[in-house]
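Undergrad: Structure provided below as structure tokens; questions to follow.
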Amino acid sequence: MSHPKEHSGNNPLQQWSPLFSLVVPGLGQILQGQRSRGLGLLATVLALGGLILWQGVPLLFVPLAAVWLWGVWDAARALRNRPSGTVAPFLLAAFIAYALGVRATEMDFRRLLTGWPAIRPIVRALVRPELLEYPKESHIGYLPFQVPCIDPLPPPQGRASEQPRLSTDVPCAALGETITLDGEGFLPGLDVEIWWQNPIGDYQRVLKDGVPLVVPADSEGRFRVTIQVPPTSVPLDRRPGPGETQTHRIEARQYRPYGSLQPTETLRLVLQKIGETIALAFIATVLATVFALPVSFLAARNLMGGHPVGLAVYYGVRTILNIVRSIETLMWAIIFAVWVGLGPFDGTLALLLHSIAALGKLYSEAIEGIDPGPIEAVRATGANWAQTVVYAVIPQFMPSFLAFTLYRWDINLRMSTVIGLVSNAGLGFLIIQWIRLSRYNSMATAIIAIVLVVALLDYASAALRERIIAGTAGGPKRGALRRYGVPAVAVALFLALFAWSWRVAEIDLPALVEGAPAGLRITRAFLFPDLLTRPTEEVRIAAPLVVPCGAAPEPGASAPAEGPRVALSLSCGAPGDPLVITGEGLPPNADVSVRWRLPDGGFLRVKENCCRTDGAGNLRLETRVHPLMEVKEGAVGEVEISWKRVVGGYRPSEALIITVNLSLVTLLMALMATTLGSVFAIPLSFLGASNVMGRGPVGRAVYFTARTVFNLWRSVEPMILAVICASWVGLGPFAGVLALALNNIPNLAKLFSEAIEEIDPGPVEAVTATGANPLQVLVYAVLPQLVPRFLAYILYQWDINIRMSTVIGFVGGGGIGQQFRVWVGLDQYAAAGTATWAIVAMVWGMDYVSAKARERLI
Amino acid sequence: MLEVRNLTKIFPNGTVALRDVSFTVAEGEFLAVIGLSGSGKSTLLRCINRLIEPTSGQVIWNGIDITAASPRELRRIRRQIGMIFQQFNLVRRSSVLTNVLSGRLGYANPWMSLFHYFPPEDHQRALTALERVGIADKVHSRADQLSGGQQQRVGIARALMQEPKLILADEPVASLDPVLAHSILQYLEQLNREEGITVICSLHFLDLVHRYATRVIGLKDGRLVFEGHPKELTRERFKEVYGEEAEMVTVGGISL
Ligand SMILES: Nc1ncnc2c1ncn2[C@@H]1O[C@H](COP(=O)(O)OP(=O)(O)OP(=O)(O)O)[C@@H](O)[C@H]1O
Ligand SMILES: [Mg+2]
């Protein structure tokens, strides 16, 4: 908080500063010399006002007006040299922001309850992963079924099974309708699972009340059950046209265990995918190190700074690295999927690119931190360049290089567990696949595998890091075997691991070249994002053509003498007659479309990839009369030329409007998640603080339990939480907020615990000694130590949340990510580019804001 | 008058920090406590206002048994006993003013004080106290922006806010250079002489003891091994307190 300047009132303007604050919030404060306070007030009122208008909640203007009036009051008080606290306006502003946040992110806590049945099986499955099972003998009955009903109903495609046998009360039904299914000849007393296969061949479990349906067969091997035709079984774009039907297939399956326990297929798949996950992370980290080193030289100021060209390269490389870094790995995976197709290679490229950018920046900072002193000293001994590098540069660079590489390996491993959520690679892919199949137990196995892999490797790399920091002391001289043998084995292991990873990651360099056209297209679209459009209207001109001659009276030529005109070489003719279409007075060098307007009202292009007018606005096209142009019921066809004419000036494109809208939603998602996370983390953090829990056995037990839970819980990636939350509360921003908050709770709780442990007991003692009561001690000695650190951690988490919330939509968490994936899926790359740039801008902006805020806190 | 009777402190880990210590301090005395590191000086001072709970023994101050006081009574007693620390123990991120005002917490309205509200008299008092220790211009600085000597003066101002009848000072100058040490102790001496505040102060430097104390007690391994006038603290007696190996080394005019 700044304090008013001493001599207020000298300047006549200042006398009126409250009035100025009434006109423009903060102006009075600025005039009194409290610039940051004034600008802060102004920015708050403008930003919140804008948000209120955007969300359309005029009622919130009331608290906003209160903030405004507080500014007037504050300016008046400052005139009399009485600074006022900022708690009240801060609370008001927070109230407005949260009210808007709740609305924009569609938070509705009732959905936690209503969605509970959908997620219960998932939660239950988490304690019952599929590890071992008895091999099973399967007993399957199937029956074709037509959706929807049409009249007459054609015979179904495919057969029904004879033994066991299924039958339905009706041969056909619409999506979502209820039918009765009968079965006979099944194994008596054993449960039957009902499955549905859609016409594309995808299987899904038939659900009842959100739970996979299971019915027992009776003692004669019969069952009867009513089921609902799965409403979502056919994707929208594969639904039959009017008057068509599709054959689905109903399956009833029984499994009878026999023999001895064996690893499940799930477990085998999971183990295999763990390998793939590790391979992806490994190869991406190794390759990234190789590429990032040269890049980092270009991005190090002390190497590039001497020369204007060098400096330009430095800034260029830095900017590119920053842009690449602010686009999340998962987003790169979606972009690269367009280039090389889904799969491990796509995931590897995404990990690799993001790692190069991140490592390039970190390495360059390490290079910038090299102390020139030792270099000078070594050089002064007469050492040559190589000797200087070996004795003065590498020893300085090596520790940070190792630390950063290891740190990146950690991140890559975490990332590669979830990259499969968007590309078909690693454990994440299994999760997405299995949740679609409602195979919750399998999914739970994969989730547990991810948590274990992440937690274990976290632990391993923490241990390794300690050893690196401790350094390998010279120690006694080792024997030749250990001196050369150990490194040789290490190198051999490394090479073997590398070769294996290369194969598992399906590195496919030709695919990079083959996909280059698609890659270039998406790159170009990203460089020229869809920002502005000009409204257009379509202009059409047409000339009639009677086919065949005499089939109808030829309409008189009605073409205007001026302006654009279409002329035909024939006014009537037979199908197949040569025809020359000429256009005059059209816009020069413009794309126009030339179409047959058929007598039945339809349109047909005259020629593919056509046409462009010449510099004078003329067009000439030779073709033959189309057979469909024949006169029908007296209607005459026409030849039409149409083009788009711009009316009015530039305005924001639809993609831009959607992007801005969703960017705001994304920011608010991060805000809500950070807040929710903090609110729950604060009380929990006391359980994980050893100085609060004390040295008693109960205290120690609680402390260790809390810390372990925090660490395991932290290993559940937010993207995986998002998958689960999306089935809990439905797709949308609320799921994203929930997932981020659930991930933030253990993260923040751990950080907060550490902050609590680092409280300086001195001031606590001192304030206690003055005779203060415990509450006063808390307020005067504990909170002042905790609050700034908590805030710093919250800001840090908010920073991470902004990044995460841009991608959480890929798995149904709402916000800009969801739209980005839709746009890429629809090949609307320019719109996707707009979203990408918005994300870059958002990440940069928030980085800057939180860096500033953190500076003020420390 | 402060009377310490048979004070013993055994920490939960078994360390015996004080063994059966008894002595009395008359009103208006400047009592120095000397002893090796680990001899129990800090423990003794903290047992007096019960920042550390004594294992056995009594501390009686003006007829009130501090060791038997209820939490409420204890707070009323503590607010009359100012305490000054070697590490200053300021809340580093709070302003000097807030730190000084926190010395008033024992008197303030418990609820209002939670919102950092103090009556105007207290603000006035804080300014006076800061003026007294010569750093009135730093009221609005953050505590961690001050030098060590200035921080200790804030610590004294905080104690002054309590209008104390007794000041406990635990090595108040051990973190300061010799010149600052004198200036801090001069403030304590002034308070002792002019306001009659009793001072109990643990010190490491013999010349400071000679210069400021009116009486000295010496601790060794938690036992009281010396009690008397500073003049009686000869080289030999000093060795008794500090052990045979100790010599009265003189460094730059300051004897150790
Ligand atoms: N909280 C504690 N738990 C266990 N032992 C303690 C604790 N505090 C102090 N001690 C022990 O009690 C003994 C006396 O400590 P005290 O801090 O009173 O010594 P001191 O004379 O103030 O030393 P210094 O001059 O180093 O400040 C020491 O042996 C110390 O290790
Ligand atoms: Mg001590």
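Ligands are numbered from 1 in the order shown, chains are lettered A, B, ... in the order of the structure tokens, and residues start at 1 in each chain.
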Taking a cut-off of 10 Å and counting only C-alpha atoms and all ligand atoms, can you build a table that, for each residue of chain B near ligand 1, reports the nearest atom pair and how far apart they are in Å (one decimal), sorted by chain then residue number, as a Markdown table?

TA:
| residue | atom | partner | partner_atom_place_in_ligand_line | distance |
| --- | --- | --- | --- | --- |
| B:Lys9 | CA | ligand 1 | 12 (O) | 8.5 |
| B:Ile10 | CA | ligand 1 | 5 (N) | 8.0 |
| B:Phe11 | CA | ligand 1 | 4 (C) | 4.9 |
| B:Pro12 | CA | ligand 1 | 4 (C) | 6.5 |
| B:Asn13 | CA | ligand 1 | 4 (C) | 5.7 |
| B:Gly14 | CA | ligand 1 | 4 (C) | 7.4 |
| B:Thr15 | CA | ligand 1 | 5 (N) | 5.4 |
| B:Val16 | CA | ligand 1 | 12 (O) | 6.5 |
| B:Ala17 | CA | ligand 1 | 12 (O) | 4.3 |
| B:Leu18 | CA | ligand 1 | 14 (C) | 7.4 |
| B:Val33 | CA | ligand 1 | 21 (O) | 9.1 |
| B:Ile34 | CA | ligand 1 | 21 (O) | 8.0 |
| B:Gly35 | CA | ligand 1 | 21 (O) | 6.2 |
| B:Leu36 | CA | ligand 1 | 25 (O) | 5.9 |
| B:Ser37 | CA | ligand 1 | 25 (O) | 3.4 |
| B:Gly38 | CA | ligand 1 | 19 (O) | 3.4 |
| B:Ser39 | CA | ligand 1 | 21 (O) | 4.0 |
| B:Gly40 | CA | ligand 1 | 18 (O) | 3.2 |
| B:Lys41 | CA | ligand 1 | 21 (O) | 3.7 |
| B:Ser42 | CA | ligand 1 | 22 (O) | 3.6 |
| B:Thr43 | CA | ligand 1 | 18 (O) | 3.7 |
| B:Leu44 | CA | ligand 1 | 18 (O) | 6.4 |
| B:Leu45 | CA | ligand 1 | 18 (O) | 8.2 |
| B:Arg46 | CA | ligand 1 | 18 (O) | 8.4 |
| B:Cys47 | CA | ligand 1 | 18 (O) | 9.7 |
| B:Ile52 | CA | ligand 1 | 1 (N) | 8.5 |
| B:Gln86 | CA | ligand 1 | 27 (O) | 8.7 |
| B:Asp170 | CA | ligand 1 | 22 (O) | 7.7 |
| B:Glu171 | CA | ligand 1 | 27 (O) | 7.5 |
| B:Ala174 | CA | ligand 1 | 25 (O) | 9.3 |
| B:Ser202 | CA | ligand 1 | 22 (O) | 8.2 |
| B:Leu203 | CA | ligand 1 | 25 (O) | 8.6 |
| B:His204 | CA | ligand 1 | 25 (O) | 7.8 |
| B:Leu219 | CA | ligand 1 | 21 (O) | 7.8 |
| B:Lys220 | CA | ligand 1 | 21 (O) | 8.4 |
| B:Asp221 | CA | ligand 1 | 14 (C) | 7.7 |
| B:Gly222 | CA | ligand 1 | 14 (C) | 7.1 |

Undergrad: Could you pull out the strand (DSSP E or B) residues of range 357-562 of chain A, going by DSSP on the backbone, and write them as a PyMOL selection string?

TA: chain A and resi 532-533+536-546

Undergrad: What's the 8 Å shell around Leu41 in chain A, counting only C-alpha atoms, without same-chain residues fewer than 6 positions away, as a PyMOL selection string?

TA: chain A and resi 25-26+71

Undergrad: Now that the selection is made, can you save its residues with all heavy atoms as a short mmCIF file (atom, residue, chain, number, x, y, z; two decimals), in the first residue's frame?

TA:
data_model
loop_
_atom_site.label_atom_id
_atom_site.label_comp_id
_atom_site.auth_asym_id
_atom_site.auth_seq_id
_atom_site.Cartn_x
_atom_site.Cartn_y
_atom_site.Cartn_z
N PRO A 25 -12.68 6.64 -12.55
CA PRO A 25 -12.15 5.99 -11.36
C PRO A 25 -10.63 6.03 -11.34
O PRO A 25 -10.00 5.77 -12.36
CB PRO A 25 -12.65 4.54 -11.48
CG PRO A 25 -13.55 4.50 -12.64
CD PRO A 25 -13.50 5.78 -13.38
N GLY A 26 -10.08 6.39 -10.21
CA GLY A 26 -8.63 6.37 -10.08
C GLY A 26 -7.95 7.66 -10.50
O GLY A 26 -6.79 7.87 -10.16
N GLY A 71 -13.49 4.67 -4.50
CA GLY A 71 -12.38 5.45 -5.05
C GLY A 71 -12.53 6.93 -4.70
O GLY A 71 -11.57 7.60 -4.35
#

Undergrad: As JSON, numbers by chain, list the residues of range 68-277 of chain A assigned to alpha helix (DSSP H) by DSSP on the backbone atoms of this structure.

TA: {"A": [68, 69, 70, 71, 72, 73, 74, 75, 76, 77, 78, 79, 87, 88, 89, 90, 91, 92, 93, 94, 95, 96, 97, 98, 99, 100, 101, 102, 103, 104, 110, 111, 112, 113, 114, 116, 117, 118, 119, 120, 121, 122, 123, 124, 125, 126, 265, 266, 267, 268, 269, 270, 271, 272, 273, 274, 275, 276, 277]}

Undergrad: Up to 7 Å from chain A, what residues of chain B turn up? Count only C-alpha atoms and give them as a list in words.

TA: Leu51, Arg75, Arg76, Arg78, Arg79, Gly82, Met83, Asn89, Leu90, Val91, Arg93, Ser94, Ser102, Gly103, Leu105, Gly106, Leu114 and Gln162 of chain B

Undergrad: Rounded to one decimal in Å, what is the spacing between CA of Ala99 in chain A and CA of Asn744 in chain A?

TA: 21.0 Å

Undergrad: Find the residues near Val702 in chain A: any atom within 9 Å, counting only C-alpha atoms, skip ones fewer than 5 places away on the same chain, and give them as a list of chain:residue names.

TA: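 The neighbour list is A:Leu687, A:Gly688, A:Met693, A:Pro697, A:Arg707.
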
Undergrad: With distances taken over only C-alpha atoms and all ligand atoms, which residue among B:Pro71, B:Leu188, B:Pro172, B:Lys138 lies nearest ligand 2?

TA: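 For ligand 2, the nearest of the given residues is B:Pro172.
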
Undergrad: Could you tell me which of A:Leu31, A:Ala284, A:Val147, A:Val692 comes closest to Leu19 in chain A if we count only C-alpha atoms?

TA: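 Smallest separation from Leu19 in chain A among the options: A:Leu31.
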
Undergrad: So, counting only C-alpha atoms, which residue among A:Glu177, A:Glu630, A:Asp827, A:Glu622 is closest to Pro578 in chain A?

TA: A:Glu622

Undergrad: Go through B:Leu31, B:Leu7, B:Leu185, B:Ser175 one by one, measure the shortest atom-to-atom distance of each to ligand 2 using only C-alpha atoms and all ligand atoms, and give the residue with the smallest value.

TA: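 Nearest to ligand 2: B:Ser175.
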
Undergrad: Which residue out of B:Cys201, B:Ile48, B:Met1, B:Ala159 has the minimum interatomic distance to ligand 2 when only C-alpha atoms and all ligand atoms are used?

TA: B:Cys201
